[in-house]
Amino acid sequence: MSRIRLETHGPVVVLRLANPPLNAFDSVQRQELASAARDLADSRDVRAVVLHGGERLFAAGADIKALAAMGPEEIRGWNRALQRTFDEVARLPMPVVAGITGYALGGGLELALCADYRVAAEDAVLGQPEVRLGIIPGSGGTQRLTRLVGPARSKNLLMTGRNVRAEEALRIGLVDEVVPADQVLAAALAYARTLAEGPAAALEAIKEAVDHGADTAVSTGLALERSLFTGVFGTADAATGLRSFIEHGPGKAKFGGDAHHDDTKEEGEA
């Protein structure tokens, strides 16, 4: 049975973790997630992605029993593969929204950190508890968490392994929106649909400029921004947006979406 499901909602695809009871990451789910991420990256029809673990929880991390049975060489290969898979999710060219219900712990939170925007349930619990096992996060937690909430808060969460509830997560910037638990998927879809109506090439360029520019010197980031700014002027969406502004004023453009890839994907559940 598939542990990753893709559910199509027009131009938005929900990537749903389906490995009950805890959506724990094992090798099978990791491989299916990597395959799904590659398919989404190559699709010209998908304009936004929602990561979701279901109504009960997002994901409770890795399969600890499986990890405990691995030796150093095996764990290194496993970790490298999971890091690479999460990087593929983070590098998706379209906007990615995480809809977090229940628990997002360990690898589950690390996957949510790969999203561009996080919607959490009022009763959601987030955390990186690896230190309580005598280990550290290995799939982006020390890096993406620090870039999101800052070094001091990141060290506090990583060094104590404490859980963070939705209200605090919102306050420190770990999540961007908090809604009732039964509205998480709807809220994530609503935001994703709003982004999906925007100019695809410009959204991809914004994501690349922010994600890659933040880790460089300002001068390097500005050079990247200048290159991307120039590049989007050659797109049909830019022509549409500029013409619409001149003829109708701001905020009236209807974008068709420039394809960022050549392959197509049929609509429906995969």
# chains A, B, ... in the order shown; residues from 1 in each chain; ligands from 1

call {"tool": "residues_around", "arguments": {"residues": "region 47-61 of chain A", "least_positions_apart": "6", "cutoff": "6 Å", "atoms": "only C-alpha atoms", "output": "compact mmCIF listing (two decimals) with N, CA, C and O atoms, in the first residue's frame"}}
result
# COMPACT_ATOMS: atom_id res chain seq x y z
N PRO A 11 -5.11 23.25 -9.70
CA PRO A 11 -3.67 23.46 -9.85
C PRO A 11 -2.87 23.16 -8.58
O PRO A 11 -1.65 23.32 -8.58
N VAL A 12 -3.56 22.76 -7.51
CA VAL A 12 -2.90 22.47 -6.24
C VAL A 12 -2.91 20.96 -6.00
O VAL A 12 -3.93 20.30 -6.20
N VAL A 13 -1.79 20.42 -5.57
CA VAL A 13 -1.69 19.00 -5.23
C VAL A 13 -1.42 18.86 -3.74
O VAL A 13 -0.53 19.53 -3.20
N VAL A 14 -2.21 18.04 -3.08
CA VAL A 14 -1.95 17.69 -1.68
C VAL A 14 -1.07 16.45 -1.65
O VAL A 14 -1.44 15.40 -2.18
N LEU A 15 0.11 16.59 -1.07
CA LEU A 15 1.01 15.46 -0.87
C LEU A 15 0.75 14.97 0.54
O LEU A 15 1.12 15.62 1.52
N ARG A 16 0.09 13.83 0.64
CA ARG A 16 -0.37 13.33 1.93
C ARG A 16 0.48 12.15 2.40
O ARG A 16 0.68 11.17 1.67
N LEU A 17 1.01 12.27 3.63
CA LEU A 17 1.72 11.16 4.25
C LEU A 17 0.69 10.13 4.69
O LEU A 17 -0.30 10.48 5.33
N LEU A 22 1.67 6.65 12.86
CA LEU A 22 2.40 7.86 13.22
C LEU A 22 3.05 8.56 12.03
O LEU A 22 3.73 9.56 12.21
N ASN A 23 2.85 8.03 10.82
CA ASN A 23 3.53 8.58 9.63
C ASN A 23 5.05 8.62 9.82
O ASN A 23 5.73 9.52 9.31
N ALA A 24 5.57 7.66 10.58
CA ALA A 24 7.01 7.61 10.84
C ALA A 24 7.76 7.33 9.55
O ALA A 24 7.34 6.49 8.74
N MET A 94 7.56 25.35 -7.19
CA MET A 94 6.30 26.02 -6.85
C MET A 94 6.17 26.21 -5.35
O MET A 94 6.88 25.57 -4.57
N PRO A 95 5.28 27.11 -4.89
CA PRO A 95 5.10 27.29 -3.45
C PRO A 95 4.63 26.00 -2.78
O PRO A 95 3.84 25.24 -3.33
N VAL A 96 5.13 25.78 -1.55
CA VAL A 96 4.77 24.61 -0.76
C VAL A 96 4.22 25.08 0.58
O VAL A 96 4.86 25.88 1.27
N VAL A 97 3.05 24.58 0.95
CA VAL A 97 2.39 24.94 2.21
C VAL A 97 2.26 23.67 3.05
O VAL A 97 1.82 22.63 2.54
N ALA A 98 2.64 23.73 4.31
CA ALA A 98 2.47 22.58 5.21
C ALA A 98 1.22 22.79 6.05
O ALA A 98 1.05 23.85 6.65
N GLY A 99 0.35 21.79 6.08
CA GLY A 99 -0.83 21.80 6.94
C GLY A 99 -0.58 20.86 8.10
O GLY A 99 -0.60 19.63 7.93
N ILE A 100 -0.33 21.40 9.30
CA ILE A 100 0.16 20.61 10.43
C ILE A 100 -0.96 20.36 11.43
O ILE A 100 -1.49 21.30 12.04
N THR A 101 -1.32 19.11 11.59
CA THR A 101 -2.25 18.69 12.62
C THR A 101 -1.51 17.84 13.64
O THR A 101 -0.49 17.23 13.33
N GLY A 102 -2.03 17.78 14.87
CA GLY A 102 -1.45 16.89 15.88
C GLY A 102 0.02 17.15 16.10
O GLY A 102 0.44 18.27 16.38
N TYR A 103 0.83 16.11 15.94
CA TYR A 103 2.26 16.18 16.22
C TYR A 103 3.07 16.34 14.94
O TYR A 103 2.82 15.66 13.94
N ALA A 104 4.06 17.23 15.00
CA ALA A 104 5.11 17.32 13.98
C ALA A 104 6.42 17.31 14.74
O ALA A 104 6.89 18.35 15.23
N LEU A 105 7.00 16.13 14.91
CA LEU A 105 8.17 15.95 15.76
C LEU A 105 9.33 15.35 14.97
O LEU A 105 9.11 14.56 14.04
N GLY A 106 10.53 15.71 15.35
CA GLY A 106 11.71 15.13 14.72
C GLY A 106 11.69 15.33 13.21
O GLY A 106 11.57 16.45 12.71
N GLY A 107 11.78 14.21 12.48
CA GLY A 107 11.75 14.27 11.03
C GLY A 107 10.46 14.87 10.49
O GLY A 107 10.45 15.45 9.39
N GLY A 108 9.37 14.75 11.24
CA GLY A 108 8.12 15.36 10.82
C GLY A 108 8.22 16.87 10.78
O GLY A 108 7.79 17.51 9.81
N ALA A 192 -2.75 28.04 -0.64
CA ALA A 192 -2.06 27.49 -1.81
C ALA A 192 -2.78 27.89 -3.09
O ALA A 192 -2.14 28.20 -4.10
N ALA A 196 -1.39 29.83 -6.29
CA ALA A 196 -1.47 29.16 -7.58
C ALA A 196 -2.03 30.06 -8.67
O ALA A 196 -1.81 29.83 -9.86

call {"tool": "select_by_dssp", "arguments": {"residues": "region 11-255 of chain A", "states": "alpha helix (DSSP H)", "output": "VMD selection string"}}
result
chain A and resid 27 to 41 64 to 68 72 to 90 107 to 112 141 to 149 151 to 160 166 to 171 184 to 196 200 to 213 218 to 232 236 to 248

call {"tool": "closest_residue", "arguments": {"among": "A:Glu74, A:Glu177, A:Asp42, A:Glu110", "to": "Gln143 (chain A)", "atoms": "only C-alpha atoms"}}
result
A:Glu110

call {"tool": "residues_around", "arguments": {"residues": "Ile172 (chain A)", "least_positions_apart": "2", "cutoff": "9 Å", "atoms": "only C-alpha atoms", "output": "MDAnalysis selection string"}}
result
chainID A and resid 148:149 153 167:170 174:175

call {"tool": "write_last_selection", "arguments": {"atoms": "N, CA and C atoms", "output": "mmCIF file, in the first residue's frame"}}
result
data_model
loop_
_atom_site.group_PDB
_atom_site.id
_atom_site.type_symbol
_atom_site.label_atom_id
_atom_site.label_comp_id
_atom_site.auth_asym_id
_atom_site.auth_seq_id
_atom_site.Cartn_x
_atom_site.Cartn_y
_atom_site.Cartn_z
ATOM 1 N N LEU A 148 15.006 29.953 10.435
ATOM 2 C CA LEU A 148 13.619 30.389 10.595
ATOM 3 C C LEU A 148 13.399 31.169 11.884
ATOM 4 N N VAL A 149 13.936 30.686 13.007
ATOM 5 C CA VAL A 149 13.632 31.316 14.299
ATOM 6 C C VAL A 149 14.843 31.988 14.935
ATOM 7 N N ARG A 153 16.893 30.889 19.773
ATOM 8 C CA ARG A 153 15.680 30.080 19.922
ATOM 9 C C ARG A 153 15.891 28.674 19.387
ATOM 10 N N GLU A 167 0.495 28.105 19.825
ATOM 11 C CA GLU A 167 0.525 29.525 20.166
ATOM 12 C C GLU A 167 1.957 30.044 20.230
ATOM 13 N N GLU A 168 2.843 29.287 20.891
ATOM 14 C CA GLU A 168 4.241 29.701 20.950
ATOM 15 C C GLU A 168 4.893 29.600 19.583
ATOM 16 N N ALA A 169 4.570 28.539 18.838
ATOM 17 C CA ALA A 169 5.139 28.366 17.501
ATOM 18 C C ALA A 169 4.824 29.563 16.619
ATOM 19 N N LEU A 170 3.602 30.081 16.732
ATOM 20 C CA LEU A 170 3.217 31.264 15.957
ATOM 21 C C LEU A 170 4.005 32.484 16.429
ATOM 22 N N LEU A 174 7.774 29.943 14.031
ATOM 23 C CA LEU A 174 7.930 28.555 13.596
ATOM 24 C C LEU A 174 6.778 28.143 12.678
ATOM 25 N N VAL A 175 5.584 28.691 12.925
ATOM 26 C CA VAL A 175 4.456 28.528 12.005
ATOM 27 C C VAL A 175 3.938 29.917 11.666
#

call {"tool": "residues_around", "arguments": {"residues": "Ser227 (chain A)", "least_positions_apart": "6", "cutoff": "12 Å", "atoms": "only C-alpha atoms", "output": "VMD selection string"}}
result
chain A and resid 205 to 206 208 to 209 213 220 to 221 233 to 234

call {"tool": "write_last_selection", "arguments": {"atoms": "C-alpha atoms", "output": "mmCIF file, in the first residue's frame"}}
result
data_model
loop_
_atom_site.group_PDB
_atom_site.id
_atom_site.type_symbol
_atom_site.label_atom_id
_atom_site.label_comp_id
_atom_site.auth_asym_id
_atom_site.auth_seq_id
_atom_site.Cartn_x
_atom_site.Cartn_y
_atom_site.Cartn_z
ATOM 1 C CA ALA A 205 12.105 33.303 -8.935
ATOM 2 C CA ILE A 206 11.049 34.768 -5.565
ATOM 3 C CA GLU A 208 14.957 30.943 -5.441
ATOM 4 C CA ALA A 209 16.051 34.483 -4.535
ATOM 5 C CA GLY A 213 20.216 34.652 -1.429
ATOM 6 C CA THR A 220 25.851 38.046 -4.111
ATOM 7 C CA GLY A 221 22.165 37.976 -3.236
ATOM 8 C CA PHE A 233 10.655 39.915 -17.959
ATOM 9 C CA GLY A 234 10.751 37.434 -20.827
#

call {"tool": "select_by_dssp", "arguments": {"residues": "region 16-85 of chain A", "states": "strand (DSSP E)", "output": "ChimeraX atom specification"}}
result
/A:16-17,48-52

call {"tool": "residues_around", "arguments": {"residues": "Ile4 (chain A)", "least_positions_apart": "6", "cutoff": "10 Å", "atoms": "only C-alpha atoms", "output": "ChimeraX atom specification"}}
result
/A:15-19,23,28-36,53,270

call {"tool": "write_last_selection", "arguments": {"atoms": "N, CA and C atoms", "output": "PDB file, in the first residue's frame"}}
result
ATOM      1  N   LEU A  15       0.109  16.589  -1.073  1.00  0.00           N
ATOM      2  CA  LEU A  15       1.011  15.456  -0.870  1.00  0.00           C
ATOM      3  C   LEU A  15       0.745  14.972   0.544  1.00  0.00           C
ATOM      4  N   ARG A  16       0.092  13.825   0.641  1.00  0.00           N
ATOM      5  CA  ARG A  16      -0.372  13.327   1.930  1.00  0.00           C
ATOM      6  C   ARG A  16       0.479  12.151   2.402  1.00  0.00           C
ATOM      7  N   LEU A  17       1.006  12.268   3.626  1.00  0.00           N
ATOM      8  CA  LEU A  17       1.716  11.160   4.248  1.00  0.00           C
ATOM      9  C   LEU A  17       0.689  10.132   4.692  1.00  0.00           C
ATOM     10  N   ALA A  18       0.917   8.861   4.367  1.00  0.00           N
ATOM     11  CA  ALA A  18      -0.071   7.828   4.674  1.00  0.00           C
ATOM     12  C   ALA A  18       0.630   6.575   5.178  1.00  0.00           C
ATOM     13  N   ASN A  19       1.266   6.710   6.327  1.00  0.00           N
ATOM     14  CA  ASN A  19       1.976   5.591   6.939  1.00  0.00           C
ATOM     15  C   ASN A  19       1.547   5.478   8.398  1.00  0.00           C
ATOM     16  N   ASN A  23       2.853   8.031  10.818  1.00  0.00           N
ATOM     17  CA  ASN A  23       3.527   8.577   9.630  1.00  0.00           C
ATOM     18  C   ASN A  23       5.045   8.617   9.822  1.00  0.00           C
ATOM     19  N   VAL A  28      10.801   2.934   2.944  1.00  0.00           N
ATOM     20  CA  VAL A  28       9.770   2.880   1.899  1.00  0.00           C
ATOM     21  C   VAL A  28       9.106   4.240   1.728  1.00  0.00           C
ATOM     22  N   GLN A  29       8.705   4.860   2.851  1.00  0.00           N
ATOM     23  CA  GLN A  29       8.057   6.164   2.743  1.00  0.00           C
ATOM     24  C   GLN A  29       9.030   7.205   2.196  1.00  0.00           C
ATOM     25  N   ARG A  30      10.292   7.124   2.598  1.00  0.00           N
ATOM     26  CA  ARG A  30      11.292   8.065   2.096  1.00  0.00           C
ATOM     27  C   ARG A  30      11.438   7.949   0.583  1.00  0.00           C
ATOM     28  N   GLN A  31      11.495   6.724   0.085  1.00  0.00           N
ATOM     29  CA  GLN A  31      11.622   6.517  -1.359  1.00  0.00           C
ATOM     30  C   GLN A  31      10.393   7.020  -2.110  1.00  0.00           C
ATOM     31  N   GLU A  32       9.216   6.783  -1.559  1.00  0.00           N
ATOM     32  CA  GLU A  32       7.993   7.255  -2.219  1.00  0.00           C
ATOM     33  C   GLU A  32       7.910   8.776  -2.195  1.00  0.00           C
ATOM     34  N   LEU A  33       8.359   9.386  -1.100  1.00  0.00           N
ATOM     35  CA  LEU A  33       8.369  10.842  -1.027  1.00  0.00           C
ATOM     36  C   LEU A  33       9.327  11.420  -2.060  1.00  0.00           C
ATOM     37  N   ALA A  34      10.497  10.824  -2.213  1.00  0.00           N
ATOM     38  CA  ALA A  34      11.465  11.305  -3.198  1.00  0.00           C
ATOM     39  C   ALA A  34      10.900  11.207  -4.601  1.00  0.00           C
ATOM     40  N   SER A  35      10.240  10.086  -4.907  1.00  0.00           N
ATOM     41  CA  SER A  35       9.648   9.909  -6.225  1.00  0.00           C
ATOM     42  C   SER A  35       8.547  10.929  -6.481  1.00  0.00           C
ATOM     43  N   ALA A  36       7.708  11.175  -5.465  1.00  0.00           N
ATOM     44  CA  ALA A  36       6.633  12.147  -5.605  1.00  0.00           C
ATOM     45  C   ALA A  36       7.194  13.549  -5.821  1.00  0.00           C
ATOM     46  N   GLY A  53      -0.415  15.465   6.759  1.00  0.00           N
ATOM     47  CA  GLY A  53      -0.307  14.119   7.314  1.00  0.00           C
ATOM     48  C   GLY A  53      -1.636  13.489   7.644  1.00  0.00           C
ATOM     49  N   ALA A 270      -2.779  10.235  -7.797  1.00  0.00           N
ATOM     50  CA  ALA A 270      -1.711   9.333  -8.211  1.00  0.00           C
ATOM     51  C   ALA A 270      -1.386   8.381  -7.088  1.00  0.00           C
TER      52      ALA A 270
END

call {"tool": "residues_around", "arguments": {"residues": "Pro129 (chain A)", "least_positions_apart": "4", "cutoff": "9 Å", "atoms": "only C-alpha atoms", "output": "PyMOL selection string"}}
result
chain A and resi 105-106+133+136-137+157-163

call {"tool": "residues_around", "arguments": {"residues": "Ala41 (chain A)", "least_positions_apart": "3", "cutoff": "9 Å", "atoms": "only C-alpha atoms", "output": "PDB file with N, CA, C and O atoms, in the first residue's frame"}}
result
ATOM      1  N   ALA A  36       7.708  11.175  -5.465  1.00  0.00           N
ATOM      2  CA  ALA A  36       6.633  12.147  -5.605  1.00  0.00           C
ATOM      3  C   ALA A  36       7.194  13.549  -5.821  1.00  0.00           C
ATOM      4  O   ALA A  36       6.678  14.316  -6.654  1.00  0.00           O
ATOM      5  N   ALA A  37       8.249  13.905  -5.082  1.00  0.00           N
ATOM      6  CA  ALA A  37       8.846  15.232  -5.224  1.00  0.00           C
ATOM      7  C   ALA A  37       9.403  15.429  -6.630  1.00  0.00           C
ATOM      8  O   ALA A  37       9.250  16.508  -7.229  1.00  0.00           O
ATOM      9  N   ARG A  38      10.032  14.401  -7.179  1.00  0.00           N
ATOM     10  CA  ARG A  38      10.564  14.521  -8.538  1.00  0.00           C
ATOM     11  C   ARG A  38       9.443  14.685  -9.555  1.00  0.00           C
ATOM     12  O   ARG A  38       9.548  15.483 -10.493  1.00  0.00           O
ATOM     13  N   ARG A  44       4.213  20.686 -15.246  1.00  0.00           N
ATOM     14  CA  ARG A  44       3.885  22.067 -15.603  1.00  0.00           C
ATOM     15  C   ARG A  44       2.483  22.438 -15.132  1.00  0.00           C
ATOM     16  O   ARG A  44       2.098  23.606 -15.191  1.00  0.00           O
ATOM     17  N   VAL A  46       1.119  21.624 -12.013  1.00  0.00           N
ATOM     18  CA  VAL A  46       1.025  21.829 -10.575  1.00  0.00           C
ATOM     19  C   VAL A  46       1.566  23.208 -10.246  1.00  0.00           C
ATOM     20  O   VAL A  46       2.718  23.523 -10.513  1.00  0.00           O
ATOM     21  N   GLU A  88      14.876  17.812  -1.876  1.00  0.00           N
ATOM     22  CA  GLU A  88      14.069  17.815  -3.093  1.00  0.00           C
ATOM     23  C   GLU A  88      12.713  18.469  -2.846  1.00  0.00           C
ATOM     24  O   GLU A  88      12.190  19.184  -3.712  1.00  0.00           O
ATOM     25  N   VAL A  89      12.148  18.242  -1.663  1.00  0.00           N
ATOM     26  CA  VAL A  89      10.889  18.904  -1.310  1.00  0.00           C
ATOM     27  C   VAL A  89      11.115  20.406  -1.165  1.00  0.00           C
ATOM     28  O   VAL A  89      10.342  21.222  -1.679  1.00  0.00           O
ATOM     29  N   ARG A  91      13.297  22.223  -2.559  1.00  0.00           N
ATOM     30  CA  ARG A  91      13.663  22.865  -3.825  1.00  0.00           C
ATOM     31  C   ARG A  91      12.553  22.816  -4.869  1.00  0.00           C
ATOM     32  O   ARG A  91      12.775  23.230  -6.016  1.00  0.00           O
ATOM     33  N   LEU A  92      11.377  22.325  -4.507  1.00  0.00           N
ATOM     34  CA  LEU A  92      10.287  22.334  -5.480  1.00  0.00           C
ATOM     35  C   LEU A  92      10.102  23.752  -6.011  1.00  0.00           C
ATOM     36  O   LEU A  92      10.104  24.717  -5.242  1.00  0.00           O
ATOM     37  N   PRO A  93       9.925  23.924  -7.308  1.00  0.00           N
ATOM     38  CA  PRO A  93       9.878  25.274  -7.883  1.00  0.00           C
ATOM     39  C   PRO A  93       8.615  26.047  -7.558  1.00  0.00           C
ATOM     40  O   PRO A  93       8.602  27.273  -7.629  1.00  0.00           O
ATOM     41  N   MET A  94       7.559  25.351  -7.187  1.00  0.00           N
ATOM     42  CA  MET A  94       6.302  26.019  -6.851  1.00  0.00           C
ATOM     43  C   MET A  94       6.174  26.210  -5.348  1.00  0.00           C
ATOM     44  O   MET A  94       6.876  25.566  -4.574  1.00  0.00           O
ATOM     45  N   HIS A 261       8.529  23.847 -16.565  1.00  0.00           N
ATOM     46  CA  HIS A 261       9.047  22.575 -17.051  1.00  0.00           C
ATOM     47  C   HIS A 261       8.257  22.172 -18.289  1.00  0.00           C
ATOM     48  O   HIS A 261       7.203  22.722 -18.577  1.00  0.00           O
TER      49      HIS A 261
END

call {"tool": "closest_residue", "arguments": {"among": "A:Asp215, A:Glu73, A:Asp26, A:Asp45", "to": "Ala200 (chain A)", "atoms": "only C-alpha atoms"}}
result
A:Asp45

call {"tool": "closest_residue", "arguments": {"among": "A:Leu109, A:Leu185, A:Ala239, A:Val178", "to": "Ala202 (chain A)", "atoms": "only C-alpha atoms"}}
result
A:Ala239

call {"tool": "closest_residue", "arguments": {"among": "A:Val131, A:Val210, A:Ala121, A:Leu113", "to": "Gly173 (chain A)", "atoms": "only C-alpha atoms"}}
result
A:Leu113

call {"tool": "atom_distance", "arguments": {"atom1": "CA of Val232 (chain A)", "atom2": "CA of Val119 (chain A)"}}
result
29.1 Å

call {"tool": "decode", "arguments": {"residues": "region 11-25 of chain A", "atoms": "C-alpha atoms", "output": "compact mmCIF listing (two decimals), in the first residue's frame"}}
result
# COMPACT_ATOMS: atom_id res chain seq x y z
CA PRO A 11 -3.67 23.46 -9.85
CA VAL A 12 -2.90 22.47 -6.24
CA VAL A 13 -1.69 19.00 -5.23
CA VAL A 14 -1.95 17.69 -1.68
CA LEU A 15 1.01 15.46 -0.87
CA ARG A 16 -0.37 13.33 1.93
CA LEU A 17 1.72 11.16 4.25
CA ALA A 18 -0.07 7.83 4.67
CA ASN A 19 1.98 5.59 6.94
CA PRO A 20 -0.23 5.00 10.00
CA PRO A 21 -0.32 5.19 12.88
CA LEU A 22 2.40 7.86 13.22
CA ASN A 23 3.53 8.58 9.63
CA ALA A 24 7.01 7.61 10.84
CA PHE A 25 9.66 7.84 8.13
